[in-house]
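Participant: Structure supplied as input.cif; contents: mmCIF, C-alpha atoms and all ligand atoms.
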```cif
data_query
loop_
_atom_site.group_PDB
_atom_site.id
_atom_site.type_symbol
_atom_site.label_atom_id
_atom_site.label_comp_id
_atom_site.auth_asym_id
_atom_site.auth_seq_id
_atom_site.Cartn_x
_atom_site.Cartn_y
_atom_site.Cartn_z
ATOM 1 C CA MET N 1 17.787 4.999 13.423
ATOM 2 C CA ASN N 2 18.373 1.555 14.855
ATOM 3 C CA ASP N 3 16.147 1.639 17.944
ATOM 4 C CA ARG N 4 13.050 -0.492 17.694
ATOM 5 C CA LEU N 5 9.944 1.313 16.523
ATOM 6 C CA HIS N 6 6.870 0.543 18.595
ATOM 7 C CA TYR N 7 3.716 0.619 16.556
ATOM 8 C CA THR N 8 0.454 -1.270 16.322
ATOM 9 C CA LEU N 9 -1.543 -2.398 13.317
ATOM 10 C CA GLN N 10 -5.245 -1.641 13.472
ATOM 11 C CA VAL N 11 -8.242 -1.767 11.189
ATOM 12 C CA ALA N 12 -8.849 1.687 9.657
ATOM 13 C CA ASP N 13 -12.236 3.284 8.978
ATOM 14 C CA TRP N 14 -13.677 6.617 7.850
ATOM 15 C CA HIS N 15 -12.622 8.310 11.102
ATOM 16 C CA ASP N 16 -9.075 8.075 9.704
ATOM 17 C CA LEU N 17 -9.792 10.247 6.672
ATOM 18 C CA ASN N 18 -7.743 13.276 7.745
ATOM 19 C CA ALA N 19 -4.753 11.216 8.813
ATOM 20 C CA LEU N 20 -4.916 9.273 5.567
ATOM 21 C CA ARG N 21 -4.993 12.509 3.571
ATOM 22 C CA GLN N 22 -1.729 13.507 5.261
ATOM 23 C CA ILE N 23 -0.111 10.142 4.559
ATOM 24 C CA GLU N 24 -1.239 10.320 0.939
ATOM 25 C CA LYS N 25 0.194 13.834 0.555
ATOM 26 C CA ASP N 26 3.509 12.908 2.173
ATOM 27 C CA CYS N 27 3.836 9.661 0.223
ATOM 28 C CA PHE N 28 2.487 10.526 -3.211
ATOM 29 C CA GLY N 29 2.647 14.355 -3.468
ATOM 30 C CA ASP N 30 1.009 15.615 -6.665
ATOM 31 C CA GLN N 31 0.087 12.055 -7.616
ATOM 32 C CA SER N 32 -2.103 11.703 -4.524
ATOM 33 C CA TRP N 33 -5.542 10.203 -4.760
ATOM 34 C CA THR N 34 -8.488 12.591 -4.691
ATOM 35 C CA LEU N 35 -10.598 13.077 -1.579
ATOM 36 C CA LEU N 36 -13.270 10.918 -3.216
ATOM 37 C CA ASP N 37 -10.762 8.112 -3.774
ATOM 38 C CA LEU N 38 -9.748 8.293 -0.118
ATOM 39 C CA ILE N 39 -13.349 8.239 1.091
ATOM 40 C CA GLY N 40 -13.861 5.245 -1.183
ATOM 41 C CA VAL N 41 -10.924 3.283 0.139
ATOM 42 C CA LEU N 42 -12.108 3.872 3.712
ATOM 43 C CA THR N 43 -15.735 2.948 3.096
ATOM 44 C CA ILE N 44 -16.137 0.482 0.202
ATOM 45 C CA SER N 45 -17.582 -2.741 1.514
ATOM 46 C CA GLY N 46 -15.239 -5.719 1.613
ATOM 47 C CA MET N 47 -11.999 -3.723 1.471
ATOM 48 C CA VAL N 48 -9.249 -4.653 3.913
ATOM 49 C CA ARG N 49 -7.804 -1.474 5.461
ATOM 50 C CA ILE N 50 -4.925 -1.478 7.891
ATOM 51 C CA LYS N 51 -3.245 1.453 9.596
ATOM 52 C CA ALA N 52 0.033 1.535 11.494
ATOM 53 C CA MET N 53 -0.171 3.672 14.631
ATOM 54 C CA HIS N 54 2.747 5.102 16.589
ATOM 55 C CA ALA N 55 2.316 7.447 19.575
ATOM 56 C CA GLY N 56 -1.249 8.211 18.547
ATOM 57 C CA GLU N 57 -0.285 9.081 14.969
ATOM 58 C CA MET N 58 -1.047 7.168 11.793
ATOM 59 C CA ILE N 59 2.349 6.488 10.247
ATOM 60 C CA GLY N 60 1.347 4.063 7.534
ATOM 61 C CA PHE N 61 -1.647 2.696 5.698
ATOM 62 C CA SER N 62 -2.442 -0.090 3.306
ATOM 63 C CA ALA N 63 -5.608 -1.361 1.684
ATOM 64 C CA ALA N 64 -6.476 -4.431 -0.351
ATOM 65 C CA GLU N 65 -9.570 -5.273 -2.347
ATOM 66 C CA PRO N 66 -10.650 -8.907 -2.706
ATOM 67 C CA LYS N 67 -12.194 -9.593 -6.138
ATOM 68 C CA ALA N 68 -14.253 -12.732 -5.665
ATOM 69 C CA SER N 69 -15.021 -13.030 -9.404
ATOM 70 C CA GLU N 70 -11.278 -13.296 -10.172
ATOM 71 C CA ASN N 71 -10.285 -15.132 -6.968
ATOM 72 C CA ILE N 72 -7.585 -12.507 -6.536
ATOM 73 C CA ALA N 73 -7.104 -9.604 -4.140
ATOM 74 C CA TRP N 74 -5.413 -6.386 -5.222
ATOM 75 C CA ILE N 75 -3.328 -4.092 -3.074
ATOM 76 C CA SER N 76 -4.922 -0.688 -3.672
ATOM 77 C CA THR N 77 -2.390 1.449 -1.867
ATOM 78 C CA ILE N 78 0.446 1.314 0.617
ATOM 79 C CA GLY N 79 2.402 4.181 2.116
ATOM 80 C CA VAL N 80 4.543 4.942 5.139
ATOM 81 C CA LEU N 81 5.481 8.438 6.348
ATOM 82 C CA PRO N 82 9.063 9.251 5.309
ATOM 83 C CA ALA N 83 10.287 9.558 8.916
ATOM 84 C CA TYR N 84 9.318 5.945 9.638
ATOM 85 C CA ARG N 85 10.610 4.169 6.558
ATOM 86 C CA ARG N 86 13.037 1.231 6.491
ATOM 87 C CA ARG N 87 11.722 0.048 9.844
ATOM 88 C CA GLY N 88 9.557 -2.781 8.520
ATOM 89 C CA VAL N 89 6.226 -0.935 8.685
ATOM 90 C CA ALA N 90 5.263 -1.470 5.027
ATOM 91 C CA ALA N 91 6.258 -5.125 5.212
ATOM 92 C CA ALA N 92 4.008 -5.533 8.272
ATOM 93 C CA LEU N 93 1.103 -3.720 6.570
ATOM 94 C CA LEU N 94 1.484 -5.908 3.498
ATOM 95 C CA ALA N 95 1.553 -9.083 5.591
ATOM 96 C CA ALA N 96 -1.553 -7.947 7.497
ATOM 97 C CA CYS N 97 -3.450 -7.362 4.235
ATOM 98 C CA GLU N 98 -2.303 -10.711 2.870
ATOM 99 C CA ALA N 99 -3.521 -12.451 6.035
ATOM 100 C CA ARG N 100 -6.958 -10.833 5.907
ATOM 101 C CA VAL N 101 -8.013 -11.021 2.248
ATOM 102 C CA SER N 102 -8.976 -14.729 2.251
ATOM 103 C CA MET N 103 -7.868 -15.138 -1.366
ATOM 104 C CA PRO N 104 -5.284 -17.475 -2.882
ATOM 105 C CA ARG N 105 -3.408 -14.722 -4.739
ATOM 106 C CA MET N 106 -2.555 -11.077 -4.222
ATOM 107 C CA ARG N 107 -1.720 -8.723 -7.085
ATOM 108 C CA LEU N 108 -0.622 -5.127 -7.295
ATOM 109 C CA CYS N 109 0.683 -2.664 -9.810
ATOM 110 C CA VAL N 110 3.572 -0.285 -9.323
ATOM 111 C CA ARG N 111 5.328 2.393 -11.350
ATOM 112 C CA ALA N 112 8.265 0.930 -13.205
ATOM 113 C CA SER N 113 10.475 3.656 -11.660
ATOM 114 C CA ASN N 114 9.360 3.050 -8.043
ATOM 115 C CA TRP N 115 12.358 0.949 -7.133
ATOM 116 C CA SER N 116 11.877 1.161 -3.343
ATOM 117 C CA ALA N 117 8.359 -0.300 -3.631
ATOM 118 C CA LEU N 118 9.597 -2.890 -6.142
ATOM 119 C CA ARG N 119 12.344 -3.948 -3.740
ATOM 120 C CA LEU N 120 9.756 -4.296 -0.984
ATOM 121 C CA TYR N 121 7.405 -6.410 -3.099
ATOM 122 C CA GLU N 122 10.101 -8.635 -4.529
ATOM 123 C CA ALA N 123 11.609 -9.103 -1.063
ATOM 124 C CA LYS N 124 8.180 -10.279 0.108
ATOM 125 C CA GLY N 125 7.713 -12.848 -2.641
ATOM 126 C CA TYR N 126 5.897 -10.936 -5.386
ATOM 127 C CA LEU N 127 6.823 -11.876 -8.955
ATOM 128 C CA ARG N 128 6.478 -9.724 -12.070
ATOM 129 C CA ILE N 129 3.696 -11.114 -14.267
ATOM 130 C CA GLY N 130 2.987 -8.289 -16.701
ATOM 131 C CA VAL N 131 3.256 -4.695 -17.805
ATOM 132 C CA TRP N 132 0.488 -2.171 -18.440
ATOM 133 C CA GLN N 133 2.030 0.186 -20.918
ATOM 134 C CA ASP N 134 1.441 3.948 -20.587
ATOM 135 C CA TYR N 135 -0.684 3.275 -17.508
ATOM 136 C CA TYR N 136 0.135 6.447 -15.587
ATOM 137 C CA LYS N 137 -0.735 10.005 -16.608
ATOM 138 C CA ASN N 138 2.886 10.802 -17.462
ATOM 139 C CA GLY N 139 3.015 7.803 -19.802
ATOM 140 C CA GLU N 140 4.952 5.617 -17.402
ATOM 141 C CA ASP N 141 4.369 1.863 -17.464
ATOM 142 C CA ALA N 142 2.924 -0.066 -14.522
ATOM 143 C CA LEU N 143 4.468 -3.381 -13.586
ATOM 144 C CA VAL N 144 1.991 -6.002 -12.387
ATOM 145 C CA LEU N 145 3.204 -8.303 -9.622
ATOM 146 C CA GLU N 146 1.604 -11.323 -8.037
ATOM 147 C CA LYS N 147 2.120 -13.468 -4.964
ATOM 148 C CA GLN N 148 0.591 -16.854 -4.176
ATOM 149 C CA LEU N 149 -0.690 -16.601 -0.621
HETATM 150 C C1 LIG Z 201 7.565 1.744 -0.549
HETATM 151 C C2 LIG Z 201 7.313 2.061 0.941
HETATM 152 C C3 LIG Z 201 5.826 1.774 1.227
HETATM 153 C C4 LIG Z 201 8.211 1.161 1.800
HETATM 154 O O1 LIG Z 201 7.889 1.406 3.170
HETATM 155 P P1 LIG Z 201 8.906 0.997 4.354
HETATM 156 O O2 LIG Z 201 8.112 0.968 5.617
HETATM 157 O O3 LIG Z 201 10.085 1.872 4.313
HETATM 158 O O4 LIG Z 201 9.331 -0.477 3.924
HETATM 159 P P2 LIG Z 201 9.950 -1.599 4.915
HETATM 160 O O5 LIG Z 201 10.791 -0.946 5.938
HETATM 161 O O6 LIG Z 201 8.855 -2.479 5.395
HETATM 162 O O7 LIG Z 201 10.885 -2.387 3.898
HETATM 163 C C5 LIG Z 201 10.884 -3.795 3.830
HETATM 164 C C6 LIG Z 201 11.896 -4.206 2.787
HETATM 165 O O8 LIG Z 201 11.568 -3.638 1.505
HETATM 166 C C7 LIG Z 201 12.773 -3.240 0.824
HETATM 167 N N1 LIG Z 201 12.828 -1.769 0.740
HETATM 168 C C8 LIG Z 201 11.891 -0.900 1.182
HETATM 169 N N2 LIG Z 201 12.274 0.367 0.913
HETATM 170 C C9 LIG Z 201 13.470 0.284 0.273
HETATM 171 C C10 LIG Z 201 14.367 1.243 -0.242
HETATM 172 N N3 LIG Z 201 14.104 2.569 -0.179
HETATM 173 N N4 LIG Z 201 15.497 0.818 -0.810
HETATM 174 C C11 LIG Z 201 15.784 -0.503 -0.899
HETATM 175 N N5 LIG Z 201 14.974 -1.476 -0.400
HETATM 176 C C12 LIG Z 201 13.823 -1.086 0.169
HETATM 177 C C13 LIG Z 201 13.905 -3.772 1.679
HETATM 178 O O9 LIG Z 201 14.124 -5.118 1.293
HETATM 179 C C14 LIG Z 201 13.299 -3.699 3.066
HETATM 180 O O10 LIG Z 201 13.926 -4.534 3.988
HETATM 181 P P3 LIG Z 201 15.247 -4.005 4.762
HETATM 182 O O11 LIG Z 201 14.954 -2.620 5.278
HETATM 183 O O12 LIG Z 201 15.428 -5.016 5.843
HETATM 184 O O13 LIG Z 201 16.342 -4.001 3.734
HETATM 185 C C15 LIG Z 201 7.644 3.546 1.285
HETATM 186 O O14 LIG Z 201 8.930 3.846 0.762
HETATM 187 C C16 LIG Z 201 6.644 4.550 0.751
HETATM 188 O O15 LIG Z 201 5.670 4.865 1.423
HETATM 189 N N6 LIG Z 201 6.897 5.070 -0.455
HETATM 190 C C17 LIG Z 201 6.001 6.076 -1.052
HETATM 191 C C18 LIG Z 201 4.677 5.477 -1.432
HETATM 192 C C19 LIG Z 201 4.826 4.342 -2.435
HETATM 193 O O16 LIG Z 201 5.594 4.410 -3.386
HETATM 194 N N7 LIG Z 201 3.997 3.288 -2.246
HETATM 195 C C20 LIG Z 201 3.998 2.128 -3.129
HETATM 196 C C21 LIG Z 201 3.089 2.371 -4.269
HETATM 197 S S1 LIG Z 201 3.013 0.956 -5.335
#
```
Would you mind writing the file's structure down as structure tokens?
Facilitator:
Amino acid sequence: MNDRLHYTLQVADWHDLNALRQIEKDCFGDQSWTLLDLIGVLTISGMVRIKAMHAGEMIGFSAAEPKASENIAWISTIGVLPAYRRRGVAAALLAACEARVSMPRMRLCVRASNWSALRLYEAKGYLRIGVWQDYYKNGEDALVLEKQL
């Protein structure tokens, strides 16, 4: 698809729980967060939560958590519905989180095998700074990336 996708970025809140559950299922399948995790990401104080909306539907979501004690914010999650990928939505969600965290650095972790997410992060200026070995349930490593904001 080459036609321009019209979407808006908006702040998300707990009213978006059902839509976020669908995004989580479509993006992460059996590795989805639990309902409690999703309620947490939509309600924990201080979190930055951004949704991408197209034709009344949530098509993407990202959240970031500023950690004042570390002077770093962490991307908690980012996902875009498969039908809307490669249209710049994740890049826009990431940029919106970066703009709102009021921290000098953003970090995130990603499965070593998640090459599409790695391409996104590296294209947007994130650098690999470490590895958490055996981080995921299946024993896969997490790569830790950081960007100076
Ligand atoms: C990773 C993900 C969020 C990317 O969303 P997206 O909206 O398709 O990403 P964008 O269109 O904003 O991509 C921006 C850039 O990232 C890179 N990129 C993103 N997806 C890519 C892919 N599948 N292959 C290669 N490069 C990719 C490209 O550089 C792209 O720019 P380009 O399209 O001009 O080449 C999406 O694939 C997704 O939801 N995946 C499942 C959930 C997930 O893995 N989340 C990350 C957890 S750490």
Participant: I'd like to see the residues matched by the PyMOL selection byres (((chain N and resi 125) around 12) and not hetatm) on this file, and ideally I'd get them as a VMD selection string.
Facilitator: chain N and resid 91 94 to 95 98 105 to 107 118 to 124 126 to 128 145 to 149
Participant: List all protein, DNA and RNA residues that have any atom at most 7 Å from ligand LIG 201 (chain Z), counting all atoms listed in the file, and write the list as a ChimeraX atom specification.
Facilitator: /N:27-28,77-82,84-92,109-111,114,116-117,119-121,123
Participant: Write out as lines of an AutoDock Vina configuration file an axis-aligned box for segment 98-103 of chain N: all of its atoms listed in the file, 8 Å added on each side, centre and edge lengths in Å with one decimal.
Facilitator:
```
center_x = -5.6
center_y = -12.9
center_z = 2.3
size_x = 22.7
size_y = 20.4
size_z = 23.4
```
Participant: Just checking: using only C-alpha atoms, which residue out of N:Ser102, N:Asn138, N:Gln31, N:Ser45 ends up closest to Ala73 of chain N?
Facilitator: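 Result for the nearest residue to Ala73 of chain N: N:Ser102.
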Participant: Give me the residues within 12 Å of Ser113 of chain N as a ChimeraX atom specification, counting only C-alpha atoms and dropping any in the same chain fewer than 6 places off.
Facilitator: /N:119,136,138-143
Participant: Interatomic distance between atom CA of Ile44 of chain N and atom CA of Ala19 of chain N?
Facilitator: 17.9 Å
Participant: Between N:Met58, N:Leu9, N:Ile50, N:Leu36, which has the minimum distance to Gln22 of chain N (counting all atoms listed in the file)?
Facilitator: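 Of N:Met58, N:Leu9, N:Ile50, N:Leu36, the one nearest Gln22 of chain N is N:Met58, counting all atoms listed in the file.
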Participant: Pull out every residue that the PyMOL selection byres (((chain N and resi 68) around 12) and not hetatm) matches in the shown coordinates and put them as a ChimeraX atom specification.
Facilitator: /N:46-47,65-67,69-74,101-106
Participant: Measure the distance from atom CA of Tyr7 of chain N to atom CA of Gly56 of chain N in Å and round it to one decimal.
Facilitator: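 These atoms are spaced 9.3 Å apart.
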Participant: How would you write, as JSON, numbers by chain, the residues chosen by the PyMOL selection byres (((chain N and resi 17) around 12) and not hetatm) on this structure?
Facilitator: {"N": [12, 13, 14, 15, 16, 18, 19, 20, 21, 22, 23, 24, 34, 35, 36, 37, 38, 39, 40, 41, 42, 43, 49, 51, 58, 61]}
Participant: Could you tell me how far atom CA of Leu5 of chain N lies from atom CA of Trp115 of chain N, in Å and to one decimal?
Facilitator: 23.8 Å
Participant: Using only C-alpha atoms for the distances, tell me which of N:Val144, N:Trp33, N:Ile59, N:Ser76 is nearest to His6 of chain N.
Facilitator: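 For His6 of chain N, the nearest of the given residues is N:Ile59.
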Participant: Go through N:Asp134, N:Leu108, N:Thr8, N:Ala96 one by one, measure the shortest atom-to-atom distance of each to Glu57 of chain N using only C-alpha atoms, and give the residue with the smallest value.
Facilitator: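 Answer, going by the shortest atom-to-atom distance: N:Thr8.
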